[in-house]
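Chemist: This is the structure I want to talk about, given as structure tokens.
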Amino acid sequence: MPKGEDGVCIIERRLAALAGRFRAEILKALEGGEVHFNALKRLTGASANSLTRQVRALEEEGLVTSRRETRWGRNQYGLTDAGRQALALLDAVAKLQEPEPRS
């Protein structure tokens, strides 16, 4: 498997970035465009602290951007190109067939 500069498998790192609590829901909520923090909180059902941690992690991975809206003082969040690719990957994984039960 391909390794990053830190020696960790790139695939494992990417999957771990998507596996956090509420991360898939956050990406899905941003699919239609920018969303402010309180709306994102309502859409995901996450607490403010949990949402803040998860959005920051997604930002660090380059999947989400944030912008401070000066008029209302709210943070607006949106998907990066990498975030859109990650969302497409999550959609593809969701469509995988369930494995046949072992006998």
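Note on naming: chains are A, B, ... as they come in the structure tokens, residues start from 1 per chain, ligands start from 1 in the order shown.
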Give the helix (DSSP H, G or I) residues of stretch 13-78 of chain A, as assigned by DSSP on the backbone, as a PyMOL selection string.
Modeler: chain A and resi 13-18+23-29+37-44+48-60
Chemist: Convert the current residue selection to file output with N, CA, C and O atoms, as a tab-separated table (two decimals), in the first residue's frame.
Modeler:
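The resulting file, again.tsv, is reproduced below:
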chain	number	residue	atom	x	y	z
A	13	ARG	N	-5.02	6.28	6.48
A	13	ARG	CA	-5.13	7.64	7.02
A	13	ARG	C	-6.40	8.32	6.50
A	13	ARG	O	-7.12	8.96	7.25
A	14	ARG	N	-6.67	8.16	5.21
A	14	ARG	CA	-7.86	8.79	4.63
A	14	ARG	C	-9.14	8.20	5.23
A	14	ARG	O	-10.08	8.93	5.55
A	15	LEU	N	-9.17	6.89	5.36
A	15	LEU	CA	-10.35	6.26	5.94
A	15	LEU	C	-10.54	6.67	7.40
A	15	LEU	O	-11.67	6.90	7.84
A	16	ALA	N	-9.45	6.78	8.14
A	16	ALA	CA	-9.54	7.22	9.53
A	16	ALA	C	-10.07	8.65	9.61
A	16	ALA	O	-10.83	8.99	10.53
A	17	ALA	N	-9.71	9.49	8.65
A	17	ALA	CA	-10.18	10.88	8.64
A	17	ALA	C	-11.69	10.94	8.44
A	17	ALA	O	-12.35	11.86	8.91
A	18	LEU	N	-12.25	9.96	7.75
A	18	LEU	CA	-13.69	9.94	7.48
A	18	LEU	C	-14.48	9.20	8.55
A	18	LEU	O	-15.70	9.30	8.60
A	23	ARG	N	-18.69	12.77	11.10
A	23	ARG	CA	-17.95	13.31	9.95
A	23	ARG	C	-18.68	13.07	8.64
A	23	ARG	O	-18.75	13.96	7.79
A	24	ALA	N	-19.23	11.88	8.45
A	24	ALA	CA	-19.98	11.62	7.21
A	24	ALA	C	-21.20	12.52	7.14
A	24	ALA	O	-21.53	13.06	6.08
A	25	GLU	N	-21.88	12.71	8.27
A	25	GLU	CA	-23.06	13.57	8.30
A	25	GLU	C	-22.69	15.02	7.99
A	25	GLU	O	-23.43	15.73	7.31
A	26	ILE	N	-21.55	15.47	8.48
A	26	ILE	CA	-21.09	16.84	8.21
A	26	ILE	C	-20.84	17.00	6.72
A	26	ILE	O	-21.31	17.97	6.11
A	27	LEU	N	-20.11	16.07	6.13
A	27	LEU	CA	-19.83	16.16	4.69
A	27	LEU	C	-21.13	16.16	3.89
A	27	LEU	O	-21.29	16.94	2.95
A	28	LYS	N	-22.07	15.29	4.26
A	28	LYS	CA	-23.35	15.22	3.54
A	28	LYS	C	-24.13	16.53	3.69
A	28	LYS	O	-24.75	17.00	2.73
A	29	ALA	N	-24.11	17.12	4.88
A	29	ALA	CA	-24.81	18.38	5.12
A	29	ALA	C	-24.24	19.52	4.27
A	29	ALA	O	-24.95	20.46	3.92
A	37	PHE	N	-22.61	27.29	11.30
A	37	PHE	CA	-22.39	26.35	12.39
A	37	PHE	C	-23.70	25.86	13.02
A	37	PHE	O	-23.89	24.66	13.22
A	38	ASN	N	-24.60	26.77	13.36
A	38	ASN	CA	-25.83	26.36	14.05
A	38	ASN	C	-26.70	25.47	13.16
A	38	ASN	O	-27.32	24.52	13.65
A	39	ALA	N	-26.75	25.76	11.87
A	39	ALA	CA	-27.51	24.90	10.96
A	39	ALA	C	-26.85	23.53	10.86
A	39	ALA	O	-27.53	22.51	10.84
A	40	LEU	N	-25.53	23.51	10.83
A	40	LEU	CA	-24.80	22.24	10.79
A	40	LEU	C	-25.06	21.43	12.06
A	40	LEU	O	-25.23	20.22	12.01
A	41	LYS	N	-25.13	22.13	13.16
A	41	LYS	CA	-25.43	21.48	14.45
A	41	LYS	C	-26.82	20.84	14.40
A	41	LYS	O	-27.01	19.69	14.81
A	42	ARG	N	-27.81	21.57	13.89
A	42	ARG	CA	-29.17	21.03	13.77
A	42	ARG	C	-29.22	19.84	12.81
A	42	ARG	O	-29.88	18.84	13.09
A	43	LEU	N	-28.54	19.96	11.67
A	43	LEU	CA	-28.59	18.92	10.65
A	43	LEU	C	-27.95	17.61	11.10
A	43	LEU	O	-28.38	16.53	10.71
A	44	THR	N	-26.91	17.71	11.92
A	44	THR	CA	-26.18	16.51	12.33
A	44	THR	C	-26.63	15.97	13.68
A	44	THR	O	-26.41	14.80	13.98
A	48	ALA	N	-22.35	21.15	20.35
A	48	ALA	CA	-21.44	22.20	19.87
A	48	ALA	C	-19.99	21.77	20.01
A	48	ALA	O	-19.18	21.96	19.09
A	49	ASN	N	-19.63	21.18	21.15
A	49	ASN	CA	-18.25	20.76	21.37
A	49	ASN	C	-17.83	19.65	20.40
A	49	ASN	O	-16.75	19.70	19.82
A	50	SER	N	-18.69	18.68	20.22
A	50	SER	CA	-18.39	17.57	19.32
A	50	SER	C	-18.29	18.07	17.89
A	50	SER	O	-17.36	17.70	17.15
A	51	LEU	N	-19.21	18.91	17.48
A	51	LEU	CA	-19.19	19.45	16.12
A	51	LEU	C	-17.92	20.25	15.87
A	51	LEU	O	-17.29	20.10	14.82
A	52	THR	N	-17.53	21.06	16.82
A	52	THR	CA	-16.31	21.85	16.69
A	52	THR	C	-15.10	20.95	16.48
A	52	THR	O	-14.29	21.17	15.57
A	53	ARG	N	-14.98	19.88	17.28
A	53	ARG	CA	-13.85	18.95	17.15
A	53	ARG	C	-13.85	18.27	15.78
A	53	ARG	O	-12.80	18.15	15.13
A	54	GLN	N	-15.02	17.81	15.35
A	54	GLN	CA	-15.09	17.07	14.10
A	54	GLN	C	-14.85	17.96	12.88
A	54	GLN	O	-14.16	17.56	11.94
A	55	VAL	N	-15.39	19.17	12.91
A	55	VAL	CA	-15.16	20.10	11.80
A	55	VAL	C	-13.69	20.48	11.72
A	55	VAL	O	-13.11	20.54	10.64
A	56	ARG	N	-13.07	20.70	12.86
A	56	ARG	CA	-11.62	21.03	12.86
A	56	ARG	C	-10.80	19.89	12.28
A	56	ARG	O	-9.86	20.11	11.52
A	57	ALA	N	-11.15	18.67	12.65
A	57	ALA	CA	-10.44	17.51	12.11
A	57	ALA	C	-10.61	17.43	10.60
A	57	ALA	O	-9.64	17.14	9.87
A	58	LEU	N	-11.80	17.68	10.11
A	58	LEU	CA	-12.04	17.66	8.67
A	58	LEU	C	-11.29	18.80	7.96
A	58	LEU	O	-10.79	18.63	6.85
A	59	GLU	N	-11.19	19.94	8.64
A	59	GLU	CA	-10.41	21.07	8.09
A	59	GLU	C	-8.93	20.70	8.00
A	59	GLU	O	-8.27	20.98	6.99
A	60	GLU	N	-8.41	20.08	9.06
A	60	GLU	CA	-7.00	19.67	9.07
A	60	GLU	C	-6.68	18.69	7.96
A	60	GLU	O	-5.57	18.68	7.42
Chemist: Need to verify the contact set: A:Val64, 7 Å, only C-alpha atoms, exclusion of same-chain residues closer than 4 positions in sequence. Can you return it as a list in words?
Modeler: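 So the residues in contact are Leu58, Glu59, Tyr77, Gly78, Leu79, Thr80 and Gly83 of chain A.
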Chemist: Let me make sure I understand: among A:Ala19, A:His36, A:Ser103, A:Glu31, which one has the smallest atom-to-atom distance to A:Glu69 if we use only C-alpha atoms?
Modeler: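 Smallest distance to A:Glu69 is found for A:His36.
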Chemist: Identify, with DSSP run on backbone atoms, the residues in chain A assigned to strand (DSSP E or B), and express the list as a list in words.
Modeler: Lys3, Cys9, Val35, His36, Val64, Thr65, Ser66, Arg67, Arg68, Glu69, Arg74, Asn75, Gln76, Tyr77, Gly78 and Leu79 of chain A
Chemist: For the atom pair atom CA of A:Gly32 and atom CA of A:Asp81, what is the interatomic distance in Å to one decimal place?
Modeler: 13.2 Å
Chemist: Quick check, in Å to one decimal: how far apart do atom CA of A:Asp6 and atom CA of A:Gln85 lie?
Modeler: 22.8 Å
Chemist: Just how far from atom CA of A:Ser66 is atom CA of A:Glu34, in Å to one decimal?
Modeler: 8.9 Å
